[in-house]
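Structure below is protein_28.pdb: PDB, C-alpha atoms.
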```pdb
MODEL        1
ATOM      1  CA  MET A1447      47.588  95.609 -35.303
ATOM      2  CA  THR A1448      48.981  94.497 -32.025
ATOM      3  CA  PRO A1449      50.321  90.981 -31.693
ATOM      4  CA  PHE A1450      47.321  90.171 -29.522
ATOM      5  CA  GLU A1451      44.880  91.302 -32.200
ATOM      6  CA  GLU A1452      46.865  89.306 -34.747
ATOM      7  CA  GLN A1453      46.485  86.135 -32.614
ATOM      8  CA  LEU A1454      42.764  86.731 -32.119
ATOM      9  CA  LYS A1455      42.183  87.149 -35.821
ATOM     10  CA  LYS A1456      43.991  83.881 -36.509
ATOM     11  CA  ALA A1457      42.017  82.061 -33.894
ATOM     12  CA  LEU A1458      38.654  83.256 -35.164
ATOM     13  CA  GLU A1459      39.258  82.848 -38.886
ATOM     14  CA  ARG A1460      37.013  80.313 -40.695
ATOM     15  CA  ARG A1461      38.452  76.869 -41.154
ATOM     16  CA  GLU A1462      37.078  74.008 -43.253
ATOM     17  CA  PRO A1463      36.283  70.841 -41.244
ATOM     18  CA  SER A1464      38.467  67.845 -41.744
ATOM     19  CA  ASP A1465      37.405  65.078 -44.111
ATOM     20  CA  GLY A1466      34.576  62.835 -42.817
ATOM     21  CA  PHE A1467      33.568  65.239 -40.062
ATOM     22  CA  THR A1468      29.850  65.108 -40.953
ATOM     23  CA  VAL A1469      29.869  61.329 -41.122
ATOM     24  CA  ARG A1470      31.518  61.064 -37.719
ATOM     25  CA  VAL A1471      29.042  63.479 -36.132
ATOM     26  CA  LEU A1472      26.059  61.631 -37.568
ATOM     27  CA  ALA A1473      27.462  58.265 -36.455
ATOM     28  CA  HIS A1474      27.972  59.578 -32.938
ATOM     29  CA  ALA A1475      24.418  60.902 -32.821
ATOM     30  CA  LYS A1476      23.074  57.572 -34.007
ATOM     31  CA  GLN A1477      25.046  55.710 -31.326
ATOM     32  CA  GLN A1478      23.634  57.978 -28.645
ATOM     33  CA  ASP A1479      20.093  57.243 -29.834
ATOM     34  CA  ARG A1480      20.808  53.532 -29.740
ATOM     35  CA  SER A1481      22.139  53.582 -26.191
ATOM     36  CA  GLU A1482      19.028  55.458 -25.055
ATOM     37  CA  LEU A1483      16.878  52.816 -26.715
ATOM     38  CA  GLU A1484      18.939  50.057 -25.076
ATOM     39  CA  PHE A1485      18.383  51.636 -21.697
ATOM     40  CA  GLY A1486      14.621  51.635 -22.385
ATOM     41  CA  SER A1487      14.565  47.982 -23.415
ATOM     42  CA  ARG A1488      16.677  46.991 -20.432
ATOM     43  CA  PHE A1489      14.159  48.693 -18.196
ATOM     44  CA  LEU A1490      11.332  46.826 -19.871
ATOM     45  CA  GLN A1491      13.211  43.550 -19.523
ATOM     46  CA  ARG A1492      13.709  44.179 -15.847
ATOM     47  CA  LEU A1493      10.017  44.884 -15.547
ATOM     48  CA  ARG A1494       9.278  41.603 -17.279
ATOM     49  CA  SER A1495      11.619  39.697 -14.967
ATOM     50  CA  TRP A1496       9.752  41.133 -11.974
ATOM     51  CA  ARG A1497       6.596  39.837 -13.552
ATOM     52  CA  LEU A1498       8.253  36.393 -13.752
ATOM     53  CA  ILE A1499       8.726  36.217 -10.019
ATOM     54  CA  PRO A1500       5.188  35.022  -9.215
ATOM     55  CA  VAL A1501       5.442  32.512 -12.065
ATOM     56  CA  LEU A1502       8.738  31.220 -10.694
ATOM     57  CA  ALA A1503       7.311  31.162  -7.178
ATOM     58  CA  GLY A1504       4.320  29.179  -8.451
ATOM     59  CA  ALA A1505       6.592  26.732 -10.221
ATOM     60  CA  LEU A1506       8.660  26.366  -7.059
ATOM     61  CA  VAL A1507       5.563  25.692  -4.978
ATOM     62  CA  ILE A1508       4.326  23.097  -7.487
ATOM     63  CA  THR A1509       7.723  21.375  -7.688
ATOM     64  CA  GLY A1510       8.118  21.483  -3.904
ATOM     65  CA  GLY A1511       4.621  20.082  -3.478
ATOM     66  CA  GLY A1512       5.448  17.283  -5.887
ATOM     67  CA  VAL A1513       8.608  16.410  -3.965
ATOM     68  CA  ILE A1514       6.737  16.407  -0.648
ATOM     69  CA  GLN A1515       3.979  14.281  -2.161
ATOM     70  CA  ARG A1516       6.530  11.802  -3.487
ATOM     71  CA  HIS A1517       8.168  11.587  -0.067
ATOM     72  CA  GLU A1518       4.797  11.042   1.573
ATOM     73  CA  ARG A1519       3.933   8.336  -0.953
ATOM     74  CA  GLU A1520       7.268   6.651  -0.339
ATOM     75  CA  ALA A1521       6.710   6.745   3.426
ATOM     76  CA  ARG A1522       3.216   5.292   3.020
ATOM     77  CA  GLY A1523       4.535   2.639   0.638
ATOM     78  CA  GLU A1524       7.320   1.610   2.995
ATOM     79  CA  ALA A1525       4.856   1.452   5.912
ATOM     80  CA  ALA A1526       2.440  -0.628   3.820
ATOM     81  CA  LYS A1527       5.281  -2.936   2.833
ATOM     82  CA  ARG A1528       6.314  -3.431   6.473
ATOM     83  CA  GLN A1529       2.691  -4.152   7.408
ATOM     84  CA  LEU A1530       2.344  -6.603   4.555
ATOM     85  CA  MET A1531       5.516  -8.480   5.456
ATOM     86  CA  LEU A1532       4.427  -8.627   9.111
ATOM     87  CA  ALA A1533       0.977  -9.900   8.114
ATOM     88  CA  MET A1534       2.482 -12.572   5.886
ATOM     89  CA  ARG A1535       4.871 -13.684   8.627
ATOM     90  CA  ILE A1536       2.042 -13.956  11.147
ATOM     91  CA  ALA A1537      -0.166 -15.838   8.660
ATOM     92  CA  ARG A1538       2.687 -18.144   7.748
ATOM     93  CA  SER A1539       3.611 -18.788  11.357
ATOM     94  CA  LYS A1540       0.020 -19.577  12.404
ATOM     95  CA  LEU A1541      -0.432 -21.868   9.440
ATOM     96  CA  TYR A1542       2.819 -23.618  10.281
ATOM     97  CA  ASP A1543       1.701 -24.156  13.890
ATOM     98  CA  ALA A1544      -1.578 -25.627  12.654
ATOM     99  CA  GLN A1545       0.229 -27.910  10.240
ATOM    100  CA  VAL A1546       2.605 -29.135  12.928
ATOM    101  CA  ALA A1547      -0.347 -29.827  15.250
ATOM    102  CA  VAL A1548      -2.160 -31.705  12.514
ATOM    103  CA  ARG A1549       0.922 -33.808  11.774
ATOM    104  CA  GLU A1550       1.459 -34.610  15.416
ATOM    105  CA  VAL A1551      -2.144 -35.765  15.788
ATOM    106  CA  GLY A1552      -1.833 -37.783  12.595
ATOM    107  CA  ARG A1553       1.105 -39.817  13.945
TER     108      ARG A1553
ATOM    109  CA  MET B 723     -35.494   9.408 -15.577
ATOM    110  CA  LYS B 724     -37.608   8.106 -12.731
ATOM    111  CA  ARG B 725     -37.292   4.595 -14.108
ATOM    112  CA  MET B 726     -33.508   4.920 -14.287
ATOM    113  CA  GLY B 727     -33.394   6.059 -10.678
ATOM    114  CA  SER B 728     -35.492   3.164  -9.485
ATOM    115  CA  ARG B 729     -33.348   0.746 -11.512
ATOM    116  CA  SER B 730     -30.172   2.112  -9.942
ATOM    117  CA  LEU B 731     -31.743   1.789  -6.521
ATOM    118  CA  LEU B 732     -32.778  -1.779  -7.280
ATOM    119  CA  ALA B 733     -29.244  -2.585  -8.437
ATOM    120  CA  ILE B 734     -27.821  -1.118  -5.239
ATOM    121  CA  VAL B 735     -30.334  -3.055  -3.131
ATOM    122  CA  LEU B 736     -29.374  -6.274  -4.926
ATOM    123  CA  ILE B 737     -25.625  -5.737  -4.963
ATOM    124  CA  LEU B 738     -25.157  -4.264  -1.500
ATOM    125  CA  PRO B 739     -26.125  -7.364   0.507
ATOM    126  CA  ALA B 740     -23.812  -9.510  -1.624
ATOM    127  CA  TRP B 741     -20.986  -7.020  -1.119
ATOM    128  CA  CYS B 742     -21.689  -6.768   2.601
ATOM    129  CA  ALA B 743     -21.857 -10.552   2.880
ATOM    130  CA  ASP B 744     -18.327 -10.708   1.456
ATOM    131  CA  ALA B 745     -16.803  -8.263   3.890
ATOM    132  CA  ILE B 746     -15.841  -9.541   7.312
ATOM    133  CA  LYS B 747     -16.733  -7.057  10.010
ATOM    134  CA  TRP B 748     -14.373  -6.802  12.925
ATOM    135  CA  PRO B 749     -16.277  -6.915  16.206
ATOM    136  CA  ALA B 750     -16.348  -3.713  18.239
ATOM    137  CA  SER B 751     -14.894  -5.673  21.154
ATOM    138  CA  PHE B 752     -11.582  -5.905  19.260
ATOM    139  CA  GLU B 753     -10.934  -2.240  20.019
ATOM    140  CA  ARG B 754     -11.271  -3.005  23.714
ATOM    141  CA  LEU B 755      -8.949  -6.008  23.308
ATOM    142  CA  ALA B 756      -6.357  -3.805  21.630
ATOM    143  CA  LYS B 757      -6.373  -1.530  24.669
ATOM    144  CA  GLN B 758      -6.116  -4.455  27.099
ATOM    145  CA  ALA B 759      -3.396  -6.253  25.173
ATOM    146  CA  LYS B 760       0.253  -6.130  26.113
ATOM    147  CA  GLU B 761       1.035  -6.099  22.415
ATOM    148  CA  SER B 762      -1.290  -5.811  19.476
ATOM    149  CA  VAL B 763      -0.920  -5.913  15.723
ATOM    150  CA  ASP B 764      -3.471  -4.369  13.414
ATOM    151  CA  VAL B 765      -2.812  -4.732   9.712
ATOM    152  CA  THR B 766      -5.422  -3.454   7.286
ATOM    153  CA  LEU B 767      -4.362  -3.492   3.667
ATOM    154  CA  ASP B 768      -7.019  -3.162   1.008
ATOM    155  CA  SER B 769      -6.283  -3.664  -2.693
ATOM    156  CA  SER B 770      -4.996  -0.129  -3.228
ATOM    157  CA  MET B 771      -2.664  -0.390  -0.229
ATOM    158  CA  LEU B 772      -1.513  -3.813  -1.403
ATOM    159  CA  GLN B 773      -0.694  -2.318  -4.787
ATOM    160  CA  LEU B 774       1.221   0.459  -3.099
ATOM    161  CA  ALA B 775       3.096  -2.003  -0.875
ATOM    162  CA  GLY B 776       3.781  -4.253  -3.868
ATOM    163  CA  GLY B 777       5.516  -1.386  -5.612
ATOM    164  CA  PHE B 778       7.985  -1.132  -2.763
ATOM    165  CA  LEU B 779       8.809  -4.831  -2.562
ATOM    166  CA  GLU B 780      12.239  -5.465  -3.988
ATOM    167  CA  LYS B 781      12.772  -8.040  -6.674
ATOM    168  CA  GLY B 782      16.305  -8.651  -5.450
ATOM    169  CA  ASP B 783      15.091 -10.020  -2.140
ATOM    170  CA  ALA B 784      13.791 -13.587  -2.463
ATOM    171  CA  GLU B 785      11.235 -13.238   0.329
ATOM    172  CA  GLU B 786       9.900  -9.939  -0.972
ATOM    173  CA  ARG B 787       9.811 -11.240  -4.531
ATOM    174  CA  HIS B 788       7.700 -14.174  -3.420
ATOM    175  CA  VAL B 789       5.345 -11.943  -1.434
ATOM    176  CA  LYS B 790       5.079  -9.611  -4.436
ATOM    177  CA  GLU B 791       3.944 -12.471  -6.648
ATOM    178  CA  LEU B 792       1.566 -13.657  -3.969
ATOM    179  CA  VAL B 793      -0.164 -10.344  -3.315
ATOM    180  CA  SER B 794      -0.444  -9.226  -6.921
ATOM    181  CA  LYS B 795      -3.884 -10.843  -7.195
ATOM    182  CA  LEU B 796      -5.090 -10.287  -3.648
ATOM    183  CA  LYS B 797      -7.902  -7.937  -2.693
ATOM    184  CA  GLY B 798      -6.969  -7.450   0.925
ATOM    185  CA  VAL B 799      -4.831  -8.620   3.836
ATOM    186  CA  TYR B 800      -6.130  -8.095   7.358
ATOM    187  CA  VAL B 801      -4.516  -9.213  10.612
ATOM    188  CA  LYS B 802      -5.581  -8.589  14.187
ATOM    189  CA  SER B 803      -3.352 -10.054  16.837
ATOM    190  CA  PHE B 804      -3.480  -9.481  20.586
ATOM    191  CA  GLU B 805      -1.024 -10.726  23.169
ATOM    192  CA  PHE B 806      -2.119 -10.462  26.782
ATOM    193  CA  ASP B 807      -0.315 -10.502  30.121
ATOM    194  CA  LYS B 808      -2.648 -13.022  31.653
ATOM    195  CA  GLU B 809      -5.235 -15.547  30.595
ATOM    196  CA  GLY B 810      -8.940 -14.843  30.224
ATOM    197  CA  GLN B 811      -8.599 -11.390  28.736
ATOM    198  CA  TYR B 812     -10.767 -12.250  25.776
ATOM    199  CA  SER B 813     -13.897 -14.342  25.657
ATOM    200  CA  MET B 814     -15.059 -17.009  23.276
ATOM    201  CA  ALA B 815     -17.858 -14.610  22.336
ATOM    202  CA  ASP B 816     -15.178 -12.408  20.736
ATOM    203  CA  VAL B 817     -14.043 -15.366  18.646
ATOM    204  CA  GLU B 818     -17.604 -16.449  17.878
ATOM    205  CA  SER B 819     -18.535 -13.040  16.558
ATOM    206  CA  ILE B 820     -15.927 -13.569  13.853
ATOM    207  CA  ARG B 821     -16.560 -17.256  13.299
ATOM    208  CA  SER B 822     -20.293 -16.717  12.843
ATOM    209  CA  GLN B 823     -19.561 -14.550   9.792
ATOM    210  CA  LEU B 824     -17.738 -17.349   8.018
ATOM    211  CA  THR B 825     -20.808 -18.903   6.475
ATOM    212  CA  GLY B 826     -19.929 -20.240   3.058
ATOM    213  CA  TRP B 827     -16.329 -20.843   4.108
ATOM    214  CA  SER B 828     -14.940 -24.380   4.445
ATOM    215  CA  ARG B 829     -12.996 -25.189   7.552
ATOM    216  CA  ILE B 830     -10.022 -27.264   6.494
ATOM    217  CA  VAL B 831      -8.236 -27.403   9.840
ATOM    218  CA  ALA B 832      -9.570 -27.351  13.379
ATOM    219  CA  VAL B 833      -6.919 -27.987  15.991
ATOM    220  CA  ARG B 834      -8.097 -28.321  19.598
ATOM    221  CA  SER B 835      -5.297 -28.934  22.065
ATOM    222  CA  VAL B 836      -5.456 -29.806  25.760
ATOM    223  CA  ASN B 837      -3.780 -26.550  26.700
ATOM    224  CA  SER B 838      -6.563 -24.564  25.025
ATOM    225  CA  GLU B 839      -4.574 -23.686  21.949
ATOM    226  CA  ASN B 840      -7.170 -23.743  19.223
ATOM    227  CA  THR B 841      -6.548 -23.017  15.571
ATOM    228  CA  ASP B 842      -9.063 -22.956  12.750
ATOM    229  CA  VAL B 843      -8.166 -22.522   9.103
ATOM    230  CA  TYR B 844     -10.937 -21.706   6.649
ATOM    231  CA  LEU B 845     -10.962 -21.435   2.881
ATOM    232  CA  LYS B 846     -13.492 -19.654   0.734
ATOM    233  CA  LYS B 847     -13.966 -21.494  -2.525
ATOM    234  CA  THR B 848     -15.753 -20.723  -5.745
ATOM    235  CA  GLY B 849     -15.646 -23.944  -7.733
ATOM    236  CA  ASP B 850     -12.015 -25.008  -7.749
ATOM    237  CA  GLN B 851     -10.777 -21.506  -7.153
ATOM    238  CA  ILE B 852      -9.781 -20.437  -3.637
ATOM    239  CA  ASP B 853     -10.972 -16.904  -2.970
ATOM    240  CA  GLY B 854      -9.825 -16.402   0.571
ATOM    241  CA  LEU B 855      -8.019 -17.780   3.591
ATOM    242  CA  PHE B 856      -9.037 -17.202   7.191
ATOM    243  CA  ILE B 857      -7.075 -18.244  10.259
ATOM    244  CA  ILE B 858      -8.335 -17.972  13.830
ATOM    245  CA  ASP B 859      -5.728 -18.827  16.428
ATOM    246  CA  ALA B 860      -6.989 -18.653  19.994
ATOM    247  CA  GLU B 861      -4.471 -19.338  22.736
ATOM    248  CA  PRO B 862      -4.852 -18.636  26.471
ATOM    249  CA  LYS B 863      -2.852 -15.411  26.251
ATOM    250  CA  GLU B 864      -3.074 -14.692  22.562
ATOM    251  CA  LEU B 865      -5.734 -14.190  19.942
ATOM    252  CA  THR B 866      -4.834 -13.872  16.270
ATOM    253  CA  VAL B 867      -7.161 -13.510  13.320
ATOM    254  CA  VAL B 868      -5.840 -13.451   9.762
ATOM    255  CA  HIS B 869      -7.965 -12.763   6.708
ATOM    256  CA  ILE B 870      -6.400 -12.943   3.273
ATOM    257  CA  ASP B 871      -8.955 -11.892   0.684
ATOM    258  CA  GLY B 872      -8.306 -13.160  -2.812
ATOM    259  CA  PRO B 873      -6.855 -16.170  -4.596
ATOM    260  CA  ILE B 874      -4.332 -17.774  -2.276
ATOM    261  CA  ARG B 875      -3.560 -21.335  -1.343
ATOM    262  CA  PRO B 876      -2.126 -22.401   2.013
ATOM    263  CA  GLU B 877       0.724 -23.887  -0.005
ATOM    264  CA  ASP B 878       1.580 -20.427  -1.289
ATOM    265  CA  LEU B 879       2.110 -19.271   2.259
ATOM    266  CA  ASN B 880       4.034 -22.431   2.996
ATOM    267  CA  GLU B 881       6.391 -21.518   0.162
ATOM    268  CA  LEU B 882       7.151 -18.324   2.054
ATOM    269  CA  GLY B 883       8.349 -20.370   4.980
ATOM    270  CA  GLY B 884      11.804 -20.972   3.599
ATOM    271  CA  HIS B 885      12.343 -17.246   3.153
ATOM    272  CA  MET B 886      10.912 -16.164   6.465
ATOM    273  CA  GLY B 887      13.032 -18.358   8.669
ATOM    274  CA  ILE B 888      10.105 -20.673   9.359
ATOM    275  CA  PRO B 889      10.853 -24.218   8.302
ATOM    276  CA  LYS B 890       8.907 -25.502   5.355
ATOM    277  CA  ILE B 891       6.510 -28.322   5.902
ATOM    278  CA  GLY B 892       4.847 -30.630   3.406
ATOM    279  CA  PRO B 893       1.755 -29.531   1.519
ATOM    280  CA  MET B 894      -1.527 -29.287   3.383
ATOM    281  CA  HIS B 895      -3.061 -31.994   1.257
ATOM    282  CA  GLY B 896      -1.861 -35.165  -0.331
ATOM    283  CA  GLN B 897      -1.692 -37.505   2.639
ATOM    284  CA  ASP B 898      -3.111 -40.981   2.534
ATOM    285  CA  LYS B 899      -6.382 -40.421   4.346
ATOM    286  CA  ASN B 900      -8.942 -39.610   1.736
ATOM    287  CA  THR B 901     -12.043 -40.012   3.834
ATOM    288  CA  ARG B 902     -13.293 -38.133   6.830
ATOM    289  CA  LYS B 903     -14.564 -39.715  10.010
ATOM    290  CA  ASP B 904     -18.080 -39.711   8.672
ATOM    291  CA  GLY B 905     -16.886 -41.739   5.711
ATOM    292  CA  LYS B 906     -17.648 -39.065   3.133
ATOM    293  CA  ALA B 907     -15.115 -38.300   0.464
ATOM    294  CA  ALA B 908     -13.008 -35.360   1.485
ATOM    295  CA  SER B 909     -11.964 -32.505  -0.719
ATOM    296  CA  PRO B 910      -8.227 -32.345  -1.436
ATOM    297  CA  GLU B 911      -7.775 -29.656   1.190
ATOM    298  CA  THR B 912      -9.358 -31.768   3.916
ATOM    299  CA  ARG B 913      -7.539 -35.009   3.236
ATOM    300  CA  SER B 914      -4.509 -34.383   5.358
ATOM    301  CA  HIS B 915      -6.646 -33.217   8.230
ATOM    302  CA  ALA B 916      -9.182 -35.989   8.357
ATOM    303  CA  ASP B 917      -8.603 -36.552  12.057
ATOM    304  CA  ASN B 918      -9.027 -32.932  12.899
ATOM    305  CA  PHE B 919     -11.734 -31.961  10.514
ATOM    306  CA  ASP B 920     -14.826 -30.670  12.190
ATOM    307  CA  ASP B 921     -17.781 -30.516   9.875
ATOM    308  CA  ARG B 922     -19.880 -28.201  11.983
ATOM    309  CA  GLY B 923     -18.365 -25.043  10.495
ATOM    310  CA  GLY B 924     -18.385 -23.258  13.829
ATOM    311  CA  GLU B 925     -18.976 -24.286  17.390
TER     312      GLU B 925
ENDMDL
END
```
Structure translated into structure tokens:
Amino acid sequence: MTPFEEQLKKALERREPSDGFTVRVLAHAKQQDRSELEFGSRFLQRLRSWRLIPVLAGALVITGGGVIQRHEREARGEAAKRQLMLAMRIARSKLYDAQVAVREVGR
Amino acid sequence: MKRMGSRSLLAIVLILPAWCADAIKWPASFERLAKQAKESVDVTLDSSMLQLAGGFLEKGDAEERHVKELVSKLKGVYVKSFEFDKEGQYSMADVESIRSQLTGWSRIVAVRSVNSENTDVYLKKTGDQIDGLFIIDAEPKELTVVHIDGPIRPEDLNELGGHMGIPKIGPMHGQDKNTRKDGKAASPETRSHADNFDDRGGE
């Protein structure tokens, strides 16, 4: 046998696996399965989040509408208040003039 | 079903005239006056608008607090005021068209001055309760009509005076003269104005 043949024989001779080899292989396989499943669920989640977009858009429109409505109501309220104060001032002033006239005539 | 319909119709027919009689209609000529006027004020606040305005009145401000209390029971506040560049821009017919609607109102003040500054103050009363105040102020270059619909006393407005920079004046009643020119007993509101009171309720 040549040294080369000797080396080849050594390299190809049957060796027993180290302790816990089977367990390690099975664990690795299990982990690979899990990561594939995770990828699938992530994809589904992403799909769900896309579905949420119209819901979020709707919510945004409703909230925005509410804010605009509140602003409009505030503007109308402030305008009504200004009108009311003006009306009261005019009424008060005209009544005052009438009272003064009445008093002057009464003297 | 038919009976119900006819009953509803009857109720509407009965209620509508009473409701219409309550509402003061602004003459169409007021729109023309608004266009002619140098300055015009048009305030129309029904009960819902008054409620809205009341919500924006601040309690911290004495004037606004007083107005808030005052308007809480009111049904409407309406003001039309026109200021003109020159005299003769409005006619007495414009004033009459308003005055003629005030049937059932008591005129408590009628001021007629030599320089044609005329002011009438009317109250609408149901028993002892005052249900409305109407002021018509006709000056050569100015016409102002104020209608406050709801329970309000002239004294309430007088109370506002101190807050609005207008000096306060004594109450509208409570002076010594308790009889009118015609010798009839005067209501409390007319006492202080015995000399000016005009019983004709419109001219």
What are the closest atom pairs, with distances in Å to one decimal, for all residues of segment 788-855 of chain B lying within 12 Å of segment 1521-1536 of chain A? Consider only C-alpha atoms, order rows by chain and residue number, and present the result as CSV.
```
residue,atom,partner,partner_atom,distance
B:His788,CA,A:Met1531,CA,10.8
B:Val789,CA,A:Met1531,CA,7.7
B:Lys790,CA,A:Leu1530,CA,9.9
B:Leu792,CA,A:Met1534,CA,10.0
B:Val793,CA,A:Leu1530,CA,9.1
B:Leu796,CA,A:Leu1530,CA,11.7
B:Gly798,CA,A:Leu1530,CA,10.0
B:Val799,CA,A:Ala1533,CA,7.3
B:Tyr800,CA,A:Ala1533,CA,7.4
B:Val801,CA,A:Ala1533,CA,6.1
B:Lys802,CA,A:Ala1533,CA,9.0
B:Ser803,CA,A:Ile1536,CA,8.8
B:Phe804,CA,A:Ile1536,CA,11.8
B:Leu855,CA,A:Met1534,CA,11.9
```
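Picture a line from atom CA of Glu1459 of chain A to atom CA of Ala1473 of chain A; it runs 27.4 Å.
Minimum distance to chain A across B:Arg834, B:Lys846, B:Lys760, B:Lys808 (counting only C-alpha atoms) occurs at B:Arg834.
Between atom CA of Asp850 of chain B and atom CA of Glu785 of chain B there is a distance of 27.3 Å.
Residue nearest chain A within the list B:Glu809, B:Glu818, B:Asp871, B:Glu786: B:Glu786 [criterion: smallest interatomic distance, only C-alpha atoms].
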* **Contacts of segment 743-753 of chain B at 12 Å (only C-alpha atoms; same-chain gap of 3+ positions) as a PyMOL selection string** => chain B and resi 736-740+756-759+762-764+766+768+797-804+811-827+846+853-856+865-872
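Put simply, atom CA of Lys1540 of chain A is 8.6 Å away from atom CA of Ile858 of chain B.
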Since the input lacks some atoms of segment 1521-1532 of chain A, please model N, CA and C atoms and print them as a PDB file, in the frame of the given file.
```pdb
ATOM      1  N   ALA A1521       6.865   7.105   2.010  1.00  0.00           N
ATOM      2  CA  ALA A1521       6.710   6.745   3.426  1.00  0.00           C
ATOM      3  C   ALA A1521       5.514   5.813   3.606  1.00  0.00           C
ATOM      4  N   ARG A1522       4.403   6.138   2.915  1.00  0.00           N
ATOM      5  CA  ARG A1522       3.216   5.292   3.020  1.00  0.00           C
ATOM      6  C   ARG A1522       3.483   3.909   2.421  1.00  0.00           C
ATOM      7  N   GLY A1523       4.205   3.898   1.304  1.00  0.00           N
ATOM      8  CA  GLY A1523       4.535   2.639   0.638  1.00  0.00           C
ATOM      9  C   GLY A1523       5.415   1.761   1.505  1.00  0.00           C
ATOM     10  N   GLU A1524       6.407   2.377   2.128  1.00  0.00           N
ATOM     11  CA  GLU A1524       7.320   1.610   2.995  1.00  0.00           C
ATOM     12  C   GLU A1524       6.552   1.060   4.205  1.00  0.00           C
ATOM     13  N   ALA A1525       5.649   1.895   4.757  1.00  0.00           N
ATOM     14  CA  ALA A1525       4.856   1.452   5.912  1.00  0.00           C
ATOM     15  C   ALA A1525       3.939   0.302   5.496  1.00  0.00           C
ATOM     16  N   ALA A1526       3.326   0.429   4.315  1.00  0.00           N
ATOM     17  CA  ALA A1526       2.440  -0.628   3.820  1.00  0.00           C
ATOM     18  C   ALA A1526       3.227  -1.915   3.594  1.00  0.00           C
ATOM     19  N   LYS A1527       4.430  -1.761   3.081  1.00  0.00           N
ATOM     20  CA  LYS A1527       5.281  -2.936   2.833  1.00  0.00           C
ATOM     21  C   LYS A1527       5.619  -3.643   4.152  1.00  0.00           C
ATOM     22  N   ARG A1528       5.984  -2.843   5.167  1.00  0.00           N
ATOM     23  CA  ARG A1528       6.314  -3.431   6.473  1.00  0.00           C
ATOM     24  C   ARG A1528       5.101  -4.168   7.050  1.00  0.00           C
ATOM     25  N   GLN A1529       3.920  -3.528   6.916  1.00  0.00           N
ATOM     26  CA  GLN A1529       2.691  -4.152   7.408  1.00  0.00           C
ATOM     27  C   GLN A1529       2.411  -5.456   6.676  1.00  0.00           C
ATOM     28  N   LEU A1530       2.605  -5.417   5.374  1.00  0.00           N
ATOM     29  CA  LEU A1530       2.344  -6.603   4.555  1.00  0.00           C
ATOM     30  C   LEU A1530       3.274  -7.746   4.948  1.00  0.00           C
ATOM     31  N   MET A1531       4.552  -7.435   5.104  1.00  0.00           N
ATOM     32  CA  MET A1531       5.516  -8.480   5.456  1.00  0.00           C
ATOM     33  C   MET A1531       5.188  -9.055   6.837  1.00  0.00           C
ATOM     34  N   LEU A1532       4.799  -8.179   7.765  1.00  0.00           N
ATOM     35  CA  LEU A1532       4.427  -8.627   9.111  1.00  0.00           C
ATOM     36  C   LEU A1532       3.193  -9.534   9.036  1.00  0.00           C
TER      37      LEU A1532
END
```
